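As structure tokens, the structure follows; a few thoughts come after it.
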Amino acid sequence: RIREGDCAVLKRDEVFKAVSVLRRRKIIFEKQWFYLDNAIGHIYGTTFEVTSGGNLQPKQEVEETTTETKEAGTDNRNIVDDGKSQKLTHDDIKALKDKGIKGQEIVQQLIENSTTFRDKTEFAQDKYIKKKKKKYEALITIVKPSTRILSTMYYAREPGKINHLRYDTLAQMLTLGNIHAGNKMIVLETCAGLVLGAVMERMGGYGSIIQMYPGGGPVRAATSCFGFPKSFFDNLHEFPLSKVQSLLSGTFTTETLPSDPEENALVEEESNGLSEEKQASLQETEEEPAPEAPMEISPTEEQDTMDINAEDVEFKENKEKENKENVREKQIKQWERRKKLKEAAALLREKNADGLIVASKFHPTPLLLSLLEFVAPSRPFVVYCQYKEPLLECYTKLRERGGVINLKLSETWLRNYQVLPDRSHPKLTMSGGGGYLLSGITVILERGKPDSSNSEALKMEEPSSKRCK
């Protein structure tokens, strides 16, 4: 059931939007505004109707009164779109809405007041009704988030954020990566956390995931939309890409972290503050003995200056306390961060990961060659890229290096079909490409033996005709 604080997805036809369920929070979706208060307590998958005042009411499952449109024309050749066929004006429709008449009744009124509706073919009539229902019937379905729904939503709304990763390609990645509960996975992605969320969902909270991230910290915007319980994040670790080489070479330390410069800045601010206070006090001491002329100060003025000084002292004390608290919080946060970093480093040092998934905007070759060091032998790896050329280069580099078998570069092709009586056909709007995948399996890399002698021996064994080829 829908509970307050849940992450849910709003659905209207083929349009999705991820929201968090909160009371008295105005949500705008597909030119409709409403509140989700009434949805709390209902089962996921319920369809709601937006009523006046932005309230949601569950749609009653009433048998749809099929509009009596037995009359239909043979073709549409005599129909002219001159804008005069509809007798109802915008003001009339607005007046109907203000009266509280539901969308279904408005659609019925539009059909009755259309002069050309009877002359249209049966298919054209269905299309007209569907179009008007979409415009005037405010129906919204609330569904539970899943990998398929969220990947469809991101691909339709913001494909650039997920590197144009289509949902069927994501499904291929999860299958080729052999992701299941109890795995120890390494994930490097710059897809707003969608790939990470998909891996976490399939693992079901069992096993461990190490997320490699570029820059200051990991991005998990899409991961939060899944609404995972807190237990799922217990075995989720993160490790910066900038530290991978130092970890491989054995010079890794947690002394220099990206958060250090912030602390230094804070310390500088404090020292500046103290110096300012000292300067102010020095100025005061300098200014005090300066006037040698007889001072005539009234008692009211003396009292005012005493009050101001007391206020200044209190303000300074409060400021110092706040600064100390901030420093403590920063230190605690940094200590926790270092602890997490050490745990992730310890997991990586074992070099026994069960799989590797890379889906980033960076060139895959250097990333893959360094991260494969942490993967155990006989384990799968998958690399996604929007373009083919970087993966071709990666393929040749891996072939030269060795230590991998079953290398395969593939592209998935997807076509949606409309399936309706007498009009089943491929949909006109089709995705051009869903990116490319390079997959393979790791094996033990024997560095001692040179490969040249082996290749020469193989050449000698092969028949002459095959050698020519």
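Please note that chains go A, B, ... in the order of the structure tokens, that every chain numbers its residues from 1, and that ligands are numbered from 1 in the order shown.
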For this session: With a distance cut-off of 7 Å and only C-alpha atoms, select the neighbouring residues of Val358 of chain A, excluding the residue or stretch itself and same-chain residues fewer than 5 positions from it, and output the selection as a count of residues only.
Result: 6
Problem set entry | Selection near segment 231-241 of chain A, 7 Å with only C-alpha atoms, sequence-local residues under 6 positions removed, as a ChimeraX atom specification | /A:205,207-214,340-341,344
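Neighbouring residues of Tyr395 of chain A at 9 Å or closer, counting only C-alpha atoms and skipping chain neighbours under 2 positions away, are Thr365, Pro390, Leu391, Leu392, Glu393, Lys397, Leu398, Arg399, Glu400, Leu407, Lys408, Leu409 and Leu438 of chain A.
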Exercise. Near Glu201 of chain A, counting only C-alpha atoms, which residues have an atom at most 9 Å away, once you skip same-chain residues fewer than 4 positions from it, shown as a list in words?
Worked result: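 Answer for this query is Ser146, Thr147, Leu196, Gly197, Gly205, Phe226, Phe228 and Phe232 of chain A.
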Restricting it to all heavy atoms, dump the selection as an mmCIF file, in the first residue's frame.
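That gives us selection20.cif:
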data_model
loop_
_atom_site.group_PDB
_atom_site.id
_atom_site.type_symbol
_atom_site.label_atom_id
_atom_site.label_comp_id
_atom_site.auth_asym_id
_atom_site.auth_seq_id
_atom_site.Cartn_x
_atom_site.Cartn_y
_atom_site.Cartn_z
ATOM 1 N N SER A 146 10.244 0.552 -10.314
ATOM 2 C CA SER A 146 11.050 -0.631 -10.636
ATOM 3 C C SER A 146 12.083 -0.220 -11.675
ATOM 4 O O SER A 146 12.012 0.884 -12.231
ATOM 5 C CB SER A 146 10.172 -1.756 -11.175
ATOM 6 O OG SER A 146 9.657 -1.395 -12.439
ATOM 7 N N THR A 147 13.016 -1.113 -11.960
ATOM 8 C CA THR A 147 14.082 -0.788 -12.924
ATOM 9 C C THR A 147 13.490 -0.443 -14.279
ATOM 10 O O THR A 147 13.882 0.541 -14.912
ATOM 11 C CB THR A 147 15.046 -1.985 -13.065
ATOM 12 O OG1 THR A 147 15.593 -2.271 -11.783
ATOM 13 C CG2 THR A 147 16.180 -1.673 -14.017
ATOM 14 N N LEU A 196 23.273 1.539 -10.865
ATOM 15 C CA LEU A 196 23.499 1.098 -9.478
ATOM 16 C C LEU A 196 22.192 0.616 -8.857
ATOM 17 O O LEU A 196 22.150 -0.434 -8.209
ATOM 18 C CB LEU A 196 24.088 2.251 -8.660
ATOM 19 C CG LEU A 196 24.317 1.976 -7.177
ATOM 20 C CD1 LEU A 196 25.451 0.986 -6.972
ATOM 21 C CD2 LEU A 196 24.595 3.267 -6.426
ATOM 22 N N GLY A 197 21.112 1.376 -9.063
ATOM 23 C CA GLY A 197 19.803 1.000 -8.532
ATOM 24 C C GLY A 197 19.311 -0.321 -9.107
ATOM 25 O O GLY A 197 18.743 -1.147 -8.383
ATOM 26 N N GLY A 205 19.494 -6.735 -1.658
ATOM 27 C CA GLY A 205 20.055 -6.420 -0.339
ATOM 28 C C GLY A 205 21.058 -7.441 0.168
ATOM 29 O O GLY A 205 21.579 -7.292 1.269
ATOM 30 N N PHE A 226 14.153 4.603 -6.319
ATOM 31 C CA PHE A 226 13.716 3.214 -6.148
ATOM 32 C C PHE A 226 13.026 3.007 -4.802
ATOM 33 O O PHE A 226 12.219 2.099 -4.656
ATOM 34 C CB PHE A 226 14.920 2.254 -6.237
ATOM 35 C CG PHE A 226 15.377 1.962 -7.639
ATOM 36 C CD1 PHE A 226 16.270 2.802 -8.291
ATOM 37 C CD2 PHE A 226 14.931 0.839 -8.312
ATOM 38 C CE1 PHE A 226 16.699 2.535 -9.585
ATOM 39 C CE2 PHE A 226 15.351 0.558 -9.595
ATOM 40 C CZ PHE A 226 16.239 1.403 -10.236
ATOM 41 N N PHE A 228 14.532 2.152 -1.820
ATOM 42 C CA PHE A 228 15.051 0.961 -1.128
ATOM 43 C C PHE A 228 15.021 1.160 0.386
ATOM 44 O O PHE A 228 15.215 2.283 0.863
ATOM 45 C CB PHE A 228 16.507 0.679 -1.545
ATOM 46 C CG PHE A 228 16.662 0.258 -2.982
ATOM 47 C CD1 PHE A 228 17.575 0.883 -3.816
ATOM 48 C CD2 PHE A 228 15.908 -0.783 -3.504
ATOM 49 C CE1 PHE A 228 17.732 0.505 -5.137
ATOM 50 C CE2 PHE A 228 16.052 -1.170 -4.822
ATOM 51 C CZ PHE A 228 16.956 -0.534 -5.639
ATOM 52 N N PHE A 232 19.459 -1.999 2.543
ATOM 53 C CA PHE A 232 20.087 -2.171 1.219
ATOM 54 C C PHE A 232 21.397 -1.383 1.128
ATOM 55 O O PHE A 232 22.286 -1.749 0.366
ATOM 56 C CB PHE A 232 19.136 -1.714 0.104
ATOM 57 C CG PHE A 232 18.168 -2.778 -0.345
ATOM 58 C CD1 PHE A 232 17.403 -3.473 0.579
ATOM 59 C CD2 PHE A 232 17.995 -3.069 -1.678
ATOM 60 C CE1 PHE A 232 16.501 -4.444 0.175
ATOM 61 C CE2 PHE A 232 17.106 -4.041 -2.101
ATOM 62 C CZ PHE A 232 16.347 -4.735 -1.167
#
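Computed from the coordinates, the atom CA of Gly182 of chain A to atom CA of Leu347 of chain A distance equals 14.4 Å.
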Exercise. Interatomic distance between atom CA of Trp33 of chain A and atom CA of Leu110 of chain A?
Worked result: 23.9 Å
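Shell of Gln386 of chain A at 9 Å, with only C-alpha atoms counted and residues fewer than 3 places along the chain excluded, is A:Asn163, A:His164, A:Leu165, A:Lys361, A:Gly433, A:Gly434, A:Gly435, A:Tyr436, A:Leu437.
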What does the file look like for those residues with N, CA and C atoms, as a PDB file, in the first residue's frame?
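Saved the output as selection_14.pdb:
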ATOM      1  N   ASN A 163      23.219   8.732 -20.335  1.00  0.00           N
ATOM      2  CA  ASN A 163      24.058   8.412 -21.502  1.00  0.00           C
ATOM      3  C   ASN A 163      23.281   7.627 -22.571  1.00  0.00           C
ATOM      4  N   HIS A 164      22.003   7.949 -22.732  1.00  0.00           N
ATOM      5  CA  HIS A 164      21.125   7.321 -23.737  1.00  0.00           C
ATOM      6  C   HIS A 164      21.094   5.794 -23.587  1.00  0.00           C
ATOM      7  N   LEU A 165      21.084   5.342 -22.334  1.00  0.00           N
ATOM      8  CA  LEU A 165      21.017   3.909 -22.029  1.00  0.00           C
ATOM      9  C   LEU A 165      19.555   3.472 -22.067  1.00  0.00           C
ATOM     10  N   LYS A 361      30.541   8.066 -18.999  1.00  0.00           N
ATOM     11  CA  LYS A 361      30.754   8.979 -20.132  1.00  0.00           C
ATOM     12  C   LYS A 361      32.242   9.071 -20.490  1.00  0.00           C
ATOM     13  N   GLY A 433      18.901   4.021 -31.648  1.00  0.00           N
ATOM     14  CA  GLY A 433      19.958   3.145 -31.131  1.00  0.00           C
ATOM     15  C   GLY A 433      20.002   3.180 -29.622  1.00  0.00           C
ATOM     16  N   GLY A 434      20.321   2.035 -29.033  1.00  0.00           N
ATOM     17  CA  GLY A 434      20.355   1.962 -27.569  1.00  0.00           C
ATOM     18  C   GLY A 434      21.750   1.793 -27.027  1.00  0.00           C
ATOM     19  N   GLY A 435      22.781   2.114 -27.823  1.00  0.00           N
ATOM     20  CA  GLY A 435      24.159   1.994 -27.364  1.00  0.00           C
ATOM     21  C   GLY A 435      24.743   0.620 -27.649  1.00  0.00           C
ATOM     22  N   TYR A 436      26.002   0.428 -27.224  1.00  0.00           N
ATOM     23  CA  TYR A 436      26.749  -0.799 -27.527  1.00  0.00           C
ATOM     24  C   TYR A 436      27.284  -1.409 -26.233  1.00  0.00           C
ATOM     25  N   LEU A 437      27.433  -2.741 -26.247  1.00  0.00           N
ATOM     26  CA  LEU A 437      27.928  -3.461 -25.072  1.00  0.00           C
ATOM     27  C   LEU A 437      29.139  -4.302 -25.439  1.00  0.00           C
TER      28      LEU A 437
END
Problem set entry | A:Pro145, A:Gly160, A:Gly193, A:Gly250 ranked by distance to Leu348 of chain A, top pick (using only C-alpha atoms) |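 The answer is A:Gly250, which sits nearest to Leu348 of chain A.
Of the listed residues A:Arg12, A:Arg415, A:Lys120, A:Lys230, the one whose atoms come nearest to Thr429 of chain A is A:Arg415, with distances taken using only C-alpha atoms.
Residues in contact with Leu22 of chain A at up to 9 Å, not including ones fewer than 6 positions away on its chain and judged by only C-alpha atoms, are Arg3, Glu4, Gly5, Asp6, Tyr35, Leu36, Asp37 and Ile40 of chain A.
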Can you spit out the residues from that selection as a short mmCIF file (atom, residue, chain, number, x, y, z; two decimals), in the first residue's frame, using N, CA and C atoms?
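Final output, saved to again15.cif:
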data_model
loop_
_atom_site.label_atom_id
_atom_site.label_comp_id
_atom_site.auth_asym_id
_atom_site.auth_seq_id
_atom_site.Cartn_x
_atom_site.Cartn_y
_atom_site.Cartn_z
N ARG A 3 2.30 4.50 1.29
CA ARG A 3 2.50 5.08 2.61
C ARG A 3 3.18 6.45 2.48
N GLU A 4 3.01 7.26 3.51
CA GLU A 4 3.65 8.59 3.50
C GLU A 4 5.16 8.43 3.57
N GLY A 5 5.88 9.17 2.73
CA GLY A 5 7.33 9.08 2.69
C GLY A 5 7.85 8.09 1.65
N ASP A 6 6.94 7.34 1.02
CA ASP A 6 7.36 6.39 -0.03
C ASP A 6 7.80 7.12 -1.28
N TYR A 35 -2.90 17.02 -5.01
CA TYR A 35 -2.24 16.59 -3.77
C TYR A 35 -2.38 15.08 -3.63
N LEU A 36 -1.38 14.43 -3.04
CA LEU A 36 -1.38 12.97 -2.91
C LEU A 36 -1.94 12.50 -1.56
N ASP A 37 -2.56 13.40 -0.81
CA ASP A 37 -3.07 13.03 0.53
C ASP A 37 -4.04 11.85 0.48
N ILE A 40 -2.78 8.03 -0.02
CA ILE A 40 -2.12 7.27 1.06
C ILE A 40 -3.08 6.23 1.61
#
For this session: Between atom CA of Gln245 of chain A and atom CA of Glu336 of chain A, measure the distance and give it in Å to one decimal.
Result: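 Spanning atom CA of Gln245 of chain A to atom CA of Glu336 of chain A is a straight-line distance of 22.9 Å.
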